[in-house]
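**Q** Below you'll find coords01.cif; it's mmCIF, C-alpha atoms.
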data_protein
loop_
_atom_site.group_PDB
_atom_site.id
_atom_site.type_symbol
_atom_site.label_atom_id
_atom_site.label_comp_id
_atom_site.auth_asym_id
_atom_site.auth_seq_id
_atom_site.Cartn_x
_atom_site.Cartn_y
_atom_site.Cartn_z
ATOM 1 C CA VAL I 292 -17.957 127.777 60.182
ATOM 2 C CA ALA I 293 -20.156 124.980 61.521
ATOM 3 C CA ALA I 294 -20.266 123.296 58.110
ATOM 4 C CA TYR I 295 -16.502 123.549 57.769
ATOM 5 C CA THR I 296 -15.569 122.233 61.216
ATOM 6 C CA ASN I 297 -18.229 119.569 61.846
ATOM 7 C CA THR I 298 -18.859 116.363 59.947
ATOM 8 C CA SER I 299 -22.265 115.558 61.420
ATOM 9 C CA ILE I 300 -25.506 117.245 60.442
ATOM 10 C CA TRP I 301 -26.608 117.018 64.088
ATOM 11 C CA PHE I 302 -23.675 119.112 65.282
ATOM 12 C CA MET I 303 -24.400 121.653 62.572
ATOM 13 C CA MET I 304 -28.022 121.892 63.706
ATOM 14 C CA ILE I 305 -26.960 122.293 67.323
ATOM 15 C CA TRP I 306 -24.547 125.094 66.447
ATOM 16 C CA PHE I 307 -27.219 126.749 64.309
ATOM 17 C CA ALA I 308 -29.565 126.701 67.307
ATOM 18 C CA VAL I 309 -26.843 128.090 69.581
ATOM 19 C CA GLY I 310 -26.144 130.894 67.124
ATOM 20 C CA TYR I 311 -29.819 131.704 66.718
ATOM 21 C CA VAL I 312 -30.346 131.886 70.483
ATOM 22 C CA CYS I 313 -27.268 134.101 70.845
ATOM 23 C CA LEU I 314 -28.560 136.509 68.195
ATOM 24 C CA ILE I 315 -31.934 136.744 69.918
ATOM 25 C CA ALA I 316 -30.182 137.311 73.240
ATOM 26 C CA ALA I 317 -28.031 140.030 71.634
ATOM 27 C CA TYR I 318 -31.189 141.823 70.476
ATOM 28 C CA TRP I 319 -32.729 141.628 73.958
ATOM 29 C CA ILE I 320 -29.516 142.851 75.572
ATOM 30 C CA PHE I 321 -29.355 145.704 73.060
ATOM 31 C CA GLU I 322 -32.924 146.633 74.041
ATOM 32 C CA LEU I 323 -32.004 146.519 77.753
ATOM 33 C CA VAL I 324 -28.823 148.569 77.353
ATOM 34 C CA THR I 325 -30.690 151.328 75.519
ATOM 35 C CA PRO I 326 -33.731 151.936 77.777
ATOM 36 C CA GLY I 327 -34.779 155.247 76.221
ATOM 37 C CA LEU I 328 -34.687 153.816 72.714
ATOM 38 C CA LYS I 329 -37.300 151.443 71.367
ATOM 39 C CA VAL I 330 -35.480 149.737 68.522
ATOM 40 C CA SER I 331 -38.549 148.177 66.939
ATOM 41 C CA GLU I 332 -40.370 151.529 66.789
ATOM 42 C CA HIS I 333 -37.411 153.270 65.175
ATOM 43 C CA LEU I 334 -37.027 150.484 62.619
ATOM 44 C CA GLN I 335 -40.718 150.768 61.697
ATOM 45 C CA LYS I 336 -40.264 154.522 61.210
ATOM 46 C CA GLY I 337 -37.386 153.851 58.827
ATOM 47 C CA ASN I 338 -34.490 155.048 60.987
ATOM 48 C CA THR I 339 -31.581 153.552 59.070
ATOM 49 C CA ALA I 340 -28.999 154.550 61.689
ATOM 50 C CA ILE I 341 -30.595 152.217 64.237
ATOM 51 C CA GLY I 342 -30.781 149.486 61.612
ATOM 52 C CA ILE I 343 -27.098 149.849 60.796
ATOM 53 C CA LEU I 344 -26.170 149.862 64.483
ATOM 54 C CA LEU I 345 -28.224 146.709 65.061
ATOM 55 C CA CYS I 346 -26.585 145.153 62.005
ATOM 56 C CA PHE I 347 -23.151 145.701 63.536
ATOM 57 C CA VAL I 348 -24.347 144.248 66.854
ATOM 58 C CA PHE I 349 -25.511 141.134 65.000
ATOM 59 C CA LEU I 350 -22.279 140.903 63.016
ATOM 60 C CA GLY I 351 -20.173 141.167 66.154
ATOM 61 C CA THR I 352 -22.256 138.535 67.885
ATOM 62 C CA SER I 353 -22.014 136.278 64.840
ATOM 63 C CA PHE I 354 -18.219 136.558 64.744
ATOM 64 C CA ALA I 355 -18.027 135.836 68.478
ATOM 65 C CA VAL I 356 -20.228 132.744 68.186
ATOM 66 C CA SER I 357 -18.406 131.476 65.109
ATOM 67 C CA SER I 358 -15.088 131.693 66.933
ATOM 68 C CA LEU I 359 -16.499 129.399 69.648
ATOM 69 C CA ILE I 360 -17.437 126.595 67.260
ATOM 70 C CA VAL I 361 -15.063 123.664 67.529
#
Can the structure from this file be put into structure tokens for me?

**A**
Amino acid sequence: VAAYTNTSIWFMMIWFAVGYVCLIAAYWIFELVTPGLKVSEHLQKGNTAIGILLCFVFLGTSFAVSSLIV
């Protein structure tokens, strides 16, 4: 979306940084919302359900950030 809506490479880099920070924040918020669940430990054990759930959290966050790009 950033490449389609912006003509400057600088704006694309800024939006990339904003998206990256939002995805990291989404992971931290997901960790805070699920206090009895250590996501990183379950991913290391191979729990695919947690991986799929985290994938959908990232996809939702990505769609939300991409809709904000002007």

**Q** Report, in Å to a single decimal, how far apart atom CA of I:Ala293 and atom CA of I:Ile315 are.

**A**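 Rounded to one decimal, the two atoms are 18.6 Å apart.
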
**Q** With all atoms listed in the file as the basis for distance, which of I:Ser299, I:Ser358, I:Ser331, I:Asn338 is at the shortest distance from I:Trp319?

**A** I:Ser331

**Q** Give me, please, the distance in Å between atom CA of I:Gly342 and atom CA of I:Val292, quoted to one decimal.

**A** 25.3 Å

**Q** Output as JSON the centre and edge lengths (Å, one decimal) of the box along x, y and z of the file that holds every listed atom of stretch 301-309 of chain I after adding 5 Å on each side.

**A**
{"center_x": -26.6, "center_y": 122.6, "center_z": 66.1, "size_x": 15.9, "size_y": 21.1, "size_z": 17.0}

**Q** Convert the output of the PyMOL selection byres ((chain I and resi 304-307) around 10) on the shown file into explicit residues, formatted as a PyMOL selection string.

**A** chain I and resi 292-294+297+299-303+308-313+356-357+359-361

**Q** Distance atom CA of I:Leu314-atom CA of I:Val348, one decimal place?

**A**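 Interatomic distance, atom CA of I:Leu314 to atom CA of I:Val348: 8.9 Å.
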
**Q** Residues within 12 Å of (-19.5, 141.8, 65.0), file coordinates, counting all atoms listed in the file: what are they? Give the list as a PyMOL selection string.

**A** chain I and resi 314+317+343-358
